[in-house]
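Data from start-v7.csv: CSV, C-alpha atoms and all ligand atoms
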chain,number,residue,atom,x,y,z
B,1,MET,CA,97.4,115.0,83.7
B,2,PRO,CA,93.9,113.9,83.0
B,3,THR,CA,91.1,115.9,84.6
B,4,GLU,CA,88.6,114.4,86.9
B,5,GLY,CA,86.3,112.2,84.9
B,6,ALA,CA,82.7,111.1,84.9
B,7,THR,CA,81.3,109.0,87.8
B,8,THR,CA,80.6,105.4,86.8
B,9,ALA,CA,78.2,103.4,88.8
B,10,THR,CA,76.1,100.3,88.7
B,11,GLN,CA,72.4,100.6,87.8
B,12,PRO,CA,70.4,101.8,90.8
B,13,GLY,CA,68.3,99.0,92.4
B,14,ALA,CA,70.3,96.1,91.0
B,15,GLY,CA,69.6,93.4,93.5
B,16,ALA,CA,70.8,89.8,94.0
B,17,SER,CA,68.0,88.4,91.9
B,18,ALA,CA,68.5,90.9,89.1
B,19,PRO,CA,70.7,90.2,86.1
B,20,ALA,CA,74.4,91.2,86.4
B,21,PRO,CA,74.4,95.0,86.7
B,22,ALA,CA,75.6,96.9,83.6
B,23,PRO,CA,77.7,99.9,84.2
B,24,VAL,CA,76.1,103.3,83.5
B,25,THR,CA,77.6,106.8,83.6
B,26,VAL,CA,75.9,109.0,86.1
B,27,ALA,CA,76.4,112.7,87.0
B,28,PRO,CA,78.7,113.5,89.9
B,29,ALA,CA,75.6,114.6,91.7
B,30,ALA,CA,75.6,111.2,93.3
B,31,ASP,CA,77.2,112.9,96.3
B,32,ALA,CA,74.4,115.5,96.5
B,33,GLY,CA,73.3,116.2,100.1
B,34,LEU,CA,76.7,115.4,101.6
B,35,THR,CA,78.1,118.4,103.3
B,36,PRO,CA,81.5,118.7,104.9
B,37,ALA,CA,79.8,118.4,108.3
B,38,THR,CA,78.2,115.0,107.4
B,39,ALA,CA,81.2,113.6,105.8
B,40,ALA,CA,84.1,111.8,107.5
B,41,ILE,CA,86.7,113.0,104.9
B,42,VAL,CA,86.5,115.7,102.4
B,43,LEU,CA,89.3,116.5,99.9
B,44,ASP,CA,88.3,119.8,98.2
B,45,GLY,CA,90.4,120.7,95.2
B,46,VAL,CA,93.5,119.1,96.7
B,47,GLY,CA,96.9,119.2,95.0
B,48,TYR,CA,100.3,118.3,96.4
B,49,ALA,CA,103.8,119.0,95.1
B,50,PRO,CA,106.9,118.2,97.2
B,51,PRO,CA,109.3,121.1,97.4
B,52,LYS,CA,111.1,121.6,94.1
B,53,HIS,CA,109.2,118.7,92.5
B,54,PRO,CA,106.4,118.6,89.9
B,55,PRO,CA,102.9,118.0,91.4
B,56,ILE,CA,102.1,114.4,92.5
B,57,LEU,CA,98.4,115.1,93.0
B,58,SER,CA,96.1,117.7,91.4
B,59,GLY,CA,92.4,118.6,91.5
B,60,ILE,CA,91.3,115.9,93.9
B,61,HIS,CA,87.7,116.1,94.9
B,62,TRP,CA,86.7,113.2,97.1
B,63,THR,CA,84.3,112.7,99.9
B,64,VAL,CA,84.0,109.7,102.3
B,65,PRO,CA,80.6,109.8,103.9
B,66,THR,CA,80.4,108.9,107.6
B,67,GLY,CA,80.3,105.2,108.2
B,68,ARG,CA,81.1,104.2,104.6
B,69,PHE,CA,84.0,102.2,103.2
B,70,HIS,CA,85.8,103.9,100.3
B,71,VAL,CA,88.7,102.4,98.3
B,72,LEU,CA,91.4,104.1,96.3
B,73,LEU,CA,92.5,101.8,93.4
B,74,GLY,CA,95.4,102.6,91.1
B,75,ARG,CA,98.6,101.6,89.6
B,76,SER,CA,101.9,101.9,91.4
B,77,GLY,CA,103.2,105.4,91.6
B,78,CYS,CA,99.9,107.1,90.8
B,79,GLY,CA,99.8,109.0,94.1
B,80,LYS,CA,97.6,106.8,96.4
B,81,THR,CA,99.9,106.9,99.5
B,82,THR,CA,100.4,110.6,99.0
B,83,LEU,CA,96.6,111.1,99.0
B,84,LEU,CA,96.3,109.0,102.2
B,85,LYS,CA,99.0,111.0,104.0
B,86,LEU,CA,97.1,114.2,103.1
B,87,ALA,CA,93.9,112.7,104.5
B,88,ALA,CA,95.7,111.8,107.7
B,89,GLY,CA,97.2,115.3,108.0
B,90,LEU,CA,100.8,113.9,107.7
B,91,LEU,CA,101.3,116.1,104.6
B,92,VAL,CA,100.0,119.6,104.0
B,93,PRO,CA,98.3,120.1,100.6
B,94,SER,CA,99.8,122.7,98.2
B,95,GLN,CA,96.3,123.5,97.0
B,96,GLY,CA,92.8,123.0,98.3
B,97,ARG,CA,91.6,121.8,101.7
B,98,VAL,CA,91.3,118.6,103.6
B,99,ARG,CA,88.5,118.2,106.2
B,100,VAL,CA,88.1,115.4,108.6
B,101,GLU,CA,84.8,115.2,110.4
B,102,GLY,CA,84.1,118.8,109.5
B,103,ARG,CA,87.4,120.3,110.7
B,104,ALA,CA,90.0,121.7,108.4
B,105,LEU,CA,93.2,119.7,109.1
B,106,GLN,CA,96.2,121.6,110.5
B,107,GLY,CA,98.4,118.7,111.4
B,108,PRO,CA,97.9,115.0,112.2
B,109,ALA,CA,94.1,114.3,112.5
B,110,GLU,CA,92.7,113.2,115.8
B,111,GLY,CA,90.3,110.3,116.1
B,112,LEU,CA,91.9,108.6,113.2
B,113,GLY,CA,93.6,105.2,112.9
B,114,PHE,CA,96.3,104.5,110.2
B,115,VAL,CA,97.4,101.0,109.0
B,116,PHE,CA,100.6,101.0,107.0
B,117,GLN,CA,101.6,98.6,104.3
B,118,ALA,CA,104.2,96.9,106.5
B,119,PRO,CA,103.0,96.0,110.0
B,120,THR,CA,105.8,98.0,111.6
B,121,LEU,CA,105.4,96.2,115.0
B,122,LEU,CA,108.0,96.8,117.7
B,123,ASP,CA,110.1,93.6,118.1
B,124,TRP,CA,110.5,93.9,121.9
B,125,LEU,CA,106.8,94.2,122.7
B,126,THR,CA,104.2,91.4,122.8
B,127,ALA,CA,101.3,91.4,120.4
B,128,LEU,CA,99.1,92.9,123.2
B,129,ASP,CA,101.6,95.7,124.0
B,130,ASN,CA,102.0,96.5,120.3
B,131,VAL,CA,98.2,96.9,120.1
B,132,LEU,CA,98.3,99.0,123.2
B,133,LEU,CA,101.1,101.2,122.0
B,134,PRO,CA,99.0,104.2,120.9
B,135,LEU,CA,97.4,104.2,124.4
B,136,SER,CA,100.6,103.6,126.3
B,137,LEU,CA,102.2,106.7,124.6
B,138,ARG,CA,99.5,108.8,126.2
B,139,GLY,CA,99.4,107.0,129.6
B,140,ASP,CA,96.2,105.2,129.0
B,141,ARG,CA,97.5,101.6,128.7
B,142,ASP,CA,95.5,100.1,131.5
B,143,ARG,CA,92.2,101.5,130.4
B,144,GLY,CA,92.6,100.0,126.9
B,145,ARG,CA,93.6,96.5,128.0
B,146,ASP,CA,90.2,94.9,127.7
B,147,ARG,CA,89.5,96.5,124.4
B,148,ALA,CA,92.9,95.4,123.0
B,149,LEU,CA,92.2,91.8,124.1
B,150,GLN,CA,88.7,91.9,122.6
B,151,LEU,CA,90.1,93.2,119.3
B,152,LEU,CA,92.8,90.5,119.2
B,153,ASP,CA,90.1,88.0,119.8
B,154,ALA,CA,87.8,89.5,117.1
B,155,LEU,CA,90.8,89.2,114.7
B,156,GLY,CA,91.5,85.6,115.5
B,157,LEU,CA,94.5,86.1,117.8
B,158,GLY,CA,92.8,85.4,121.1
B,159,GLY,CA,95.5,83.0,122.3
B,160,LEU,CA,98.5,84.9,120.9
B,161,ALA,CA,98.4,88.1,122.9
B,162,GLY,CA,101.6,87.2,124.7
B,163,ARG,CA,103.7,86.4,121.6
B,164,TYR,CA,106.4,88.6,120.2
B,165,PRO,CA,106.3,89.7,116.5
B,166,ARG,CA,109.0,87.2,115.6
B,167,GLN,CA,106.7,84.4,116.9
B,168,LEU,CA,103.9,85.5,114.6
B,169,SER,CA,103.2,84.8,110.9
B,170,GLY,CA,103.0,87.7,108.4
B,171,GLY,CA,99.2,87.4,108.4
B,172,GLN,CA,99.1,87.5,112.2
B,173,GLN,CA,101.3,90.5,112.3
B,174,ALA,CA,99.0,92.3,109.9
B,175,ARG,CA,96.1,91.5,112.2
B,176,VAL,CA,98.0,93.0,115.1
B,177,ALA,CA,98.6,96.2,113.1
B,178,VAL,CA,94.9,96.4,112.4
B,179,ALA,CA,94.1,95.9,116.1
B,180,ARG,CA,96.6,98.6,117.0
B,181,ALA,CA,94.9,101.1,114.6
B,182,LEU,CA,91.5,100.3,116.1
B,183,VAL,CA,92.5,100.3,119.8
B,184,ALA,CA,91.9,104.0,120.4
B,185,ALA,CA,88.4,103.6,118.9
B,186,PRO,CA,89.0,105.8,115.8
B,187,ARG,CA,86.0,107.0,114.0
B,188,VAL,CA,88.0,107.2,110.8
B,189,LEU,CA,90.4,104.5,109.6
B,190,LEU,CA,93.0,104.9,106.8
B,191,LEU,CA,94.7,101.8,105.4
B,192,ASP,CA,97.6,101.7,102.9
B,193,GLU,CA,97.7,98.3,101.2
B,194,PRO,CA,97.6,96.6,104.6
B,195,PHE,CA,97.3,93.1,103.2
B,196,ALA,CA,99.4,93.4,100.0
B,197,ALA,CA,102.1,91.0,101.2
B,198,LEU,CA,99.8,88.2,102.3
B,199,ASP,CA,98.6,85.1,100.4
B,200,ALA,CA,95.2,85.2,98.9
B,201,LEU,CA,93.4,83.1,101.5
B,202,THR,CA,94.8,85.1,104.4
B,203,ARG,CA,94.0,88.3,102.7
B,204,GLU,CA,90.4,87.3,102.1
B,205,ALA,CA,90.0,86.3,105.8
B,206,LEU,CA,91.4,89.7,106.9
B,207,GLN,CA,89.1,91.5,104.5
B,208,GLU,CA,86.1,89.8,106.1
B,209,ASP,CA,87.3,90.6,109.6
B,210,LEU,CA,88.0,94.2,108.7
B,211,ALA,CA,84.6,94.7,107.0
B,212,ALA,CA,82.9,93.2,110.1
B,213,LEU,CA,84.8,95.4,112.6
B,214,CYS,CA,84.1,98.6,110.5
B,215,ALA,CA,80.4,97.7,110.3
B,216,ARG,CA,80.2,96.9,114.0
B,217,ASP,CA,81.8,100.2,115.1
B,218,GLY,CA,80.4,102.4,112.4
B,219,ILE,CA,83.9,103.3,111.2
B,220,SER,CA,84.5,105.4,108.1
B,221,ALA,CA,87.3,103.8,106.1
B,222,LEU,CA,89.5,104.8,103.3
B,223,LEU,CA,91.7,101.9,102.0
B,224,VAL,CA,94.4,102.0,99.3
B,225,THR,CA,94.9,98.9,97.2
B,226,HIS,CA,96.0,97.5,93.8
B,227,ASP,CA,93.7,94.6,94.2
B,228,ILE,CA,90.4,94.7,92.2
B,229,ALA,CA,88.6,91.9,94.1
B,230,GLU,CA,89.6,93.4,97.4
B,231,SER,CA,88.1,96.8,96.3
B,232,VAL,CA,84.8,95.2,95.3
B,233,PHE,CA,84.5,93.1,98.5
B,234,LEU,CA,85.2,96.0,100.9
B,235,ALA,CA,84.0,99.2,99.2
B,236,ASP,CA,80.8,101.2,99.0
B,237,ARG,CA,82.7,103.2,96.4
B,238,VAL,CA,85.9,102.9,94.5
B,239,ALA,CA,87.9,105.8,93.2
B,240,LEU,CA,90.2,105.0,90.4
B,241,MET,CA,93.5,107.0,90.4
B,242,SER,CA,95.8,107.7,87.6
B,243,ALA,CA,98.8,110.1,87.4
B,244,GLY,CA,97.8,112.0,90.4
B,245,CYS,CA,94.0,112.4,89.6
B,246,ILE,CA,90.8,110.6,90.4
B,247,VAL,CA,89.7,109.6,87.0
B,248,GLU,CA,86.6,107.5,87.7
B,249,GLN,CA,84.4,106.4,90.5
B,250,VAL,CA,82.5,103.2,90.8
B,251,ALA,CA,79.7,102.6,93.3
B,252,VAL,CA,79.6,99.0,94.6
B,253,GLU,CA,75.9,98.3,95.3
B,254,LEU,CA,76.3,94.8,96.6
B,255,PRO,CA,74.3,93.9,99.8
B,256,ARG,CA,75.9,94.0,103.2
B,257,PRO,CA,77.0,92.1,105.1
B,258,ARG,CA,78.9,90.4,102.3
B,259,PRO,CA,79.5,86.7,102.8
B,260,PRO,CA,82.7,85.2,101.6
B,261,GLY,CA,80.8,83.4,98.8
B,262,ILE,CA,79.8,86.7,97.3
B,263,ARG,CA,83.1,86.7,95.5
B,264,TYR,CA,81.7,84.1,93.1
B,265,ASP,CA,78.5,85.9,92.4
B,266,ALA,CA,77.8,87.3,88.9
B,267,ALA,CA,77.2,90.8,90.2
B,268,PHE,CA,80.6,90.7,92.1
B,269,ASN,CA,82.4,89.7,89.0
B,270,GLU,CA,80.7,92.3,86.9
B,271,HIS,CA,82.0,95.0,89.3
B,272,CYS,CA,85.5,93.4,88.9
B,273,ARG,CA,85.1,93.5,85.2
B,274,VAL,CA,84.1,97.2,85.2
B,275,LEU,CA,87.0,98.2,87.4
B,276,ARG,CA,89.5,96.2,85.4
B,277,ALA,CA,88.3,97.9,82.2
B,278,ALA,CA,88.6,101.3,83.9
B,279,LEU,CA,92.1,100.4,85.2
B,280,ASP,CA,93.1,99.3,81.7
B,281,ARG,CA,92.0,102.7,80.4
B,282,THR,CA,94.5,104.4,82.7
B,283,GLY,CA,97.4,102.9,80.8
B,284,SER,CA,100.8,102.2,82.2
B,285,ALA,CA,102.2,103.7,85.4
B,286,ARG,CA,103.6,107.2,85.2
B,301,LIG,N1,108.7,113.3,98.8
B,301,LIG,C1,108.6,113.0,97.5
B,301,LIG,N2,109.4,113.7,96.7
B,301,LIG,C2,109.4,113.5,95.3
B,301,LIG,N3,108.6,112.6,94.8
B,301,LIG,C3,107.8,111.9,95.5
B,301,LIG,C4,107.8,112.0,97.0
B,301,LIG,N4,106.9,111.2,97.5
B,301,LIG,C5,106.4,110.5,96.4
B,301,LIG,N5,106.9,110.9,95.3
B,301,LIG,C6,106.6,110.4,93.9
B,301,LIG,O1,105.2,110.6,93.7
B,301,LIG,C7,104.6,109.6,93.0
B,301,LIG,C8,103.5,109.0,93.8
B,301,LIG,O2,103.9,108.3,95.0
B,301,LIG,P1,103.0,107.5,96.0
B,301,LIG,O3,103.8,106.9,97.0
B,301,LIG,O4,101.9,108.4,96.4
B,301,LIG,O5,102.4,106.4,95.0
B,301,LIG,P2,101.5,105.1,95.2
B,301,LIG,O6,100.3,105.3,94.3
B,301,LIG,O7,101.2,105.0,96.6
B,301,LIG,O8,102.4,103.9,94.7
B,301,LIG,P3,102.5,102.4,95.2
B,301,LIG,O9,101.3,101.7,94.7
B,301,LIG,O10,103.8,101.9,94.5
B,301,LIG,O11,102.7,102.4,96.7
B,301,LIG,C9,105.7,108.6,92.7
B,301,LIG,O12,106.2,108.8,91.4
B,301,LIG,C10,106.8,108.9,93.8
B,301,LIG,O13,108.1,108.6,93.2
B,302,MG,MG,101.8,103.5,98.1
Rewrite the structure from the file as structure tokens, please.
Amino acid sequence: MPTEGATTATQPGAGASAPAPAPVTVAPAADAGLTPATAAIVLDGVGYAPPKHPPILSGIHWTVPTGRFHVLLGRSGCGKTTLLKLAAGLLVPSQGRVRVEGRALQGPAEGLGFVFQAPTLLDWLTALDNVLLPLSLRGDRDRGRDRALQLLDALGLGGLAGRYPRQLSGGQQARVAVARALVAAPRVLLLDEPFAALDALTREALQEDLAALCARDGISALLVTHDIAESVFLADRVALMSAGCIVEQVAVELPRPRPPGIRYDAAFNEHCRVLRAALDRTGSAR
């Protein structure tokens, strides 16, 4: 397996009026000053091997600062979902430690929302009741109703709260799943390719809504994707995974908030080019 590689970033201070940023290699000290207490998620030397299987992940060092949006990008089978499950406390690392908001994980993390690749909505509940499910399970349904309706509204589903999943499009179901992950006001949000099955326009609209909600509520986010443009639009930093390791990191120094049209800017496309070249260097899937 490759070892953790150098950190790649855009040139500091590259602004909208500057020429397209050229990638430069910088020291991993870019994370200097971050301590486990000031970071939302810290993976410290994490490795994972299922029982009687070779390791899926090894030597993962990865920090998501509080309030930042980080993306894990990598080919199919490189270990992204496994890493996300470790960050959520759904798997226990074979090596190293996972900390969420300063606490070492010893089971599913609290204060954390998870969006799965498939919406996994319950067919017999309305959109509103699906969103409220995490609160209903702990007897808090009534207290969360206003927030659930507000989230549905913010995600463009204001008039559809009473519909059942079979009466919603795939994109609308994905929005319900995002609202459900946010209803308990998590401070940390983990997302596993939540928009992978959607058409490009729907996906872009959801990216915009997700970025706005995370910024509004100061949420720390870690999103897994195969999609380079999605990575650049959403991320403050992208970690590139290959064969169970983080092999490169790219800082996305585009201004926020990012308007939809930023996808056509030279700086945006330069970030896409850098990530594509890095992905090509990782070769074929394991
Ligand atoms: N419980 C398990 N036992 C054995 N192997 C596993 C287990 N879970 C995952 N794997 C293997 O570990 C590797 C990484 O799986 P993982 O689901 O993390 O990949 P991924 O990067 O999320 O892929 P994709 O992009 O296709 O979702 C794969 O080769 C997979 O077959
Ligand atoms: Mg996966």
Contacts of chain B with ligand LIG 301 (chain B) up to 7 Å, shortest pair per row, only C-alpha atoms and all ligand atoms, as JSON lines:
{"residue": "B:Pro50", "atom": "CA", "partner": "B:LIG301", "partner_atom": "N2", "distance": 5.2}
{"residue": "B:His53", "atom": "CA", "partner": "B:LIG301", "partner_atom": "C2", "distance": 5.9}
{"residue": "B:Ile56", "atom": "CA", "partner": "B:LIG301", "partner_atom": "O1", "distance": 5.0}
{"residue": "B:Gly74", "atom": "CA", "partner": "B:LIG301", "partner_atom": "O6", "distance": 6.4}
{"residue": "B:Arg75", "atom": "CA", "partner": "B:LIG301", "partner_atom": "O9", "distance": 5.8}
{"residue": "B:Ser76", "atom": "CA", "partner": "B:LIG301", "partner_atom": "O9", "distance": 3.4}
{"residue": "B:Gly77", "atom": "CA", "partner": "B:LIG301", "partner_atom": "O8", "distance": 3.5}
{"residue": "B:Cys78", "atom": "CA", "partner": "B:LIG301", "partner_atom": "O6", "distance": 4.0}
{"residue": "B:Gly79", "atom": "CA", "partner": "B:LIG301", "partner_atom": "O4", "distance": 3.2}
{"residue": "B:Lys80", "atom": "CA", "partner": "B:LIG301", "partner_atom": "O6", "distance": 3.7}
{"residue": "B:Thr81", "atom": "CA", "partner": "B:LIG301", "partner_atom": "O7", "distance": 3.7}
{"residue": "B:Thr82", "atom": "CA", "partner": "B:LIG301", "partner_atom": "O4", "distance": 3.7}
{"residue": "B:Leu83", "atom": "CA", "partner": "B:LIG301", "partner_atom": "O4", "distance": 6.5}
{"residue": "B:His226", "atom": "CA", "partner": "B:LIG301", "partner_atom": "O9", "distance": 6.8}
{"residue": "B:Arg286", "atom": "CA", "partner": "B:LIG301", "partner_atom": "O12", "distance": 6.9}
Given the point (90.9, 109.8, 116.8) in the coordinates of this file, which residues lie within 8 Å, counting only C-alpha atoms, and how would they look as a compact mmCIF listing (two decimals) with C-alpha atoms, in the frame of the given file?
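That gives us selection.txt:
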# COMPACT_ATOMS: atom_id res chain seq x y z
CA ALA B 109 94.10 114.30 112.50
CA GLU B 110 92.70 113.20 115.80
CA GLY B 111 90.30 110.30 116.10
CA LEU B 112 91.90 108.60 113.20
CA GLY B 113 93.60 105.20 112.90
CA ALA B 184 91.90 104.00 120.40
CA ALA B 185 88.40 103.60 118.90
CA PRO B 186 89.00 105.80 115.80
CA ARG B 187 86.00 107.00 114.00
CA VAL B 188 88.00 107.20 110.80
One decimal, Å: what's the distance from CA of Val176 (chain B) over to CA of Gly156 (chain B), could you say?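 Answer for the CA of Val176 (chain B) to CA of Gly156 (chain B) separation: 9.9 Å.
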Pull the neighbourhood of (85.6, 124.3, 106.2) for me: all residues within 12 Å in file coordinates, counting all atoms listed in the file, as a PDB file with C-alpha atoms, keeping the file's coordinate frame.
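Everything below was put into selection-v2.pdb:
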ATOM      1  CA  THR B  35      78.100 118.400 103.300  1.00  0.00           C
ATOM      2  CA  PRO B  36      81.500 118.700 104.900  1.00  0.00           C
ATOM      3  CA  ALA B  37      79.800 118.400 108.300  1.00  0.00           C
ATOM      4  CA  THR B  38      78.200 115.000 107.400  1.00  0.00           C
ATOM      5  CA  ALA B  39      81.200 113.600 105.800  1.00  0.00           C
ATOM      6  CA  ILE B  41      86.700 113.000 104.900  1.00  0.00           C
ATOM      7  CA  VAL B  42      86.500 115.700 102.400  1.00  0.00           C
ATOM      8  CA  LEU B  43      89.300 116.500  99.900  1.00  0.00           C
ATOM      9  CA  ASP B  44      88.300 119.800  98.200  1.00  0.00           C
ATOM     10  CA  GLY B  96      92.800 123.000  98.300  1.00  0.00           C
ATOM     11  CA  ARG B  97      91.600 121.800 101.700  1.00  0.00           C
ATOM     12  CA  VAL B  98      91.300 118.600 103.600  1.00  0.00           C
ATOM     13  CA  ARG B  99      88.500 118.200 106.200  1.00  0.00           C
ATOM     14  CA  VAL B 100      88.100 115.400 108.600  1.00  0.00           C
ATOM     15  CA  GLU B 101      84.800 115.200 110.400  1.00  0.00           C
ATOM     16  CA  GLY B 102      84.100 118.800 109.500  1.00  0.00           C
ATOM     17  CA  ARG B 103      87.400 120.300 110.700  1.00  0.00           C
ATOM     18  CA  ALA B 104      90.000 121.700 108.400  1.00  0.00           C
ATOM     19  CA  LEU B 105      93.200 119.700 109.100  1.00  0.00           C
ATOM     20  CA  GLN B 106      96.200 121.600 110.500  1.00  0.00           C
TER      21      GLN B 106
END
Of the residues B:Thr225, B:Thr120, B:Gln95, B:Gln150, which is the one nearest to ligand MG 302 (chain B), using all atoms listed in the file? B:Thr225
Might you pull out every residue within 7 Å of Leu135 (chain B), with only C-alpha atoms counted and same-chain residues fewer than 5 positions away left off, and present them as a short mmCIF file (atom, residue, chain, number, x, y, z; two decimals) with C-alpha atoms, in the coordinates of the input?
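Output file selection_28.cif follows:
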data_model
loop_
_atom_site.label_atom_id
_atom_site.label_comp_id
_atom_site.auth_asym_id
_atom_site.auth_seq_id
_atom_site.Cartn_x
_atom_site.Cartn_y
_atom_site.Cartn_z
CA ASP B 140 96.20 105.20 129.00
CA ARG B 141 97.50 101.60 128.70
CA GLY B 144 92.60 100.00 126.90
CA ALA B 184 91.90 104.00 120.40
#
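Reported to one decimal place, the separation of CA of Leu86 (chain B) from CA of Pro51 (chain B) is 15.1 Å.
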For Leu122 (chain B), list every protein, DNA or RNA residue within 10 Å, evaluated using all atoms listed in the file, and leave out those in the same chain fewer than 2 positions away; present the list as a JSON list (two decimals) with C-alpha atoms, keeping the file's coordinate frame.
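What landed in out14.json:
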[["chain", "number", "residue", "atom", "x", "y", "z"],
["B", 119, "PRO", "CA", 103.00, 96.00, 110.00],
["B", 120, "THR", "CA", 105.80, 98.00, 111.60],
["B", 124, "TRP", "CA", 110.50, 93.90, 121.90],
["B", 125, "LEU", "CA", 106.80, 94.20, 122.70],
["B", 126, "THR", "CA", 104.20, 91.40, 122.80],
["B", 127, "ALA", "CA", 101.30, 91.40, 120.40],
["B", 129, "ASP", "CA", 101.60, 95.70, 124.00],
["B", 130, "ASN", "CA", 102.00, 96.50, 120.30],
["B", 133, "LEU", "CA", 101.10, 101.20, 122.00],
["B", 164, "TYR", "CA", 106.40, 88.60, 120.20],
["B", 165, "PRO", "CA", 106.30, 89.70, 116.50],
["B", 166, "ARG", "CA", 109.00, 87.20, 115.60]]
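Relative to CA of Gly261 (chain B), CA of Phe116 (chain B) is found at 27.7 Å.
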Do a neighbour search on Ala221 (chain B) at 10 Å with only C-alpha atoms, toss out local chain neighbours closer than 4 positions, and write the hits as a PyMOL selection string. chain B and resi 40-41+64-71+112-114+187-191+210-211+214+234-236
Looking at B:Ala181, B:Leu201, B:Ala277, B:Val224, which one is nearest to ligand MG 302 (chain B), with distances taken over only C-alpha atoms and all ligand atoms?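 Of B:Ala181, B:Leu201, B:Ala277, B:Val224, the one nearest ligand MG 302 (chain B) is B:Val224, counting only C-alpha atoms and all ligand atoms.
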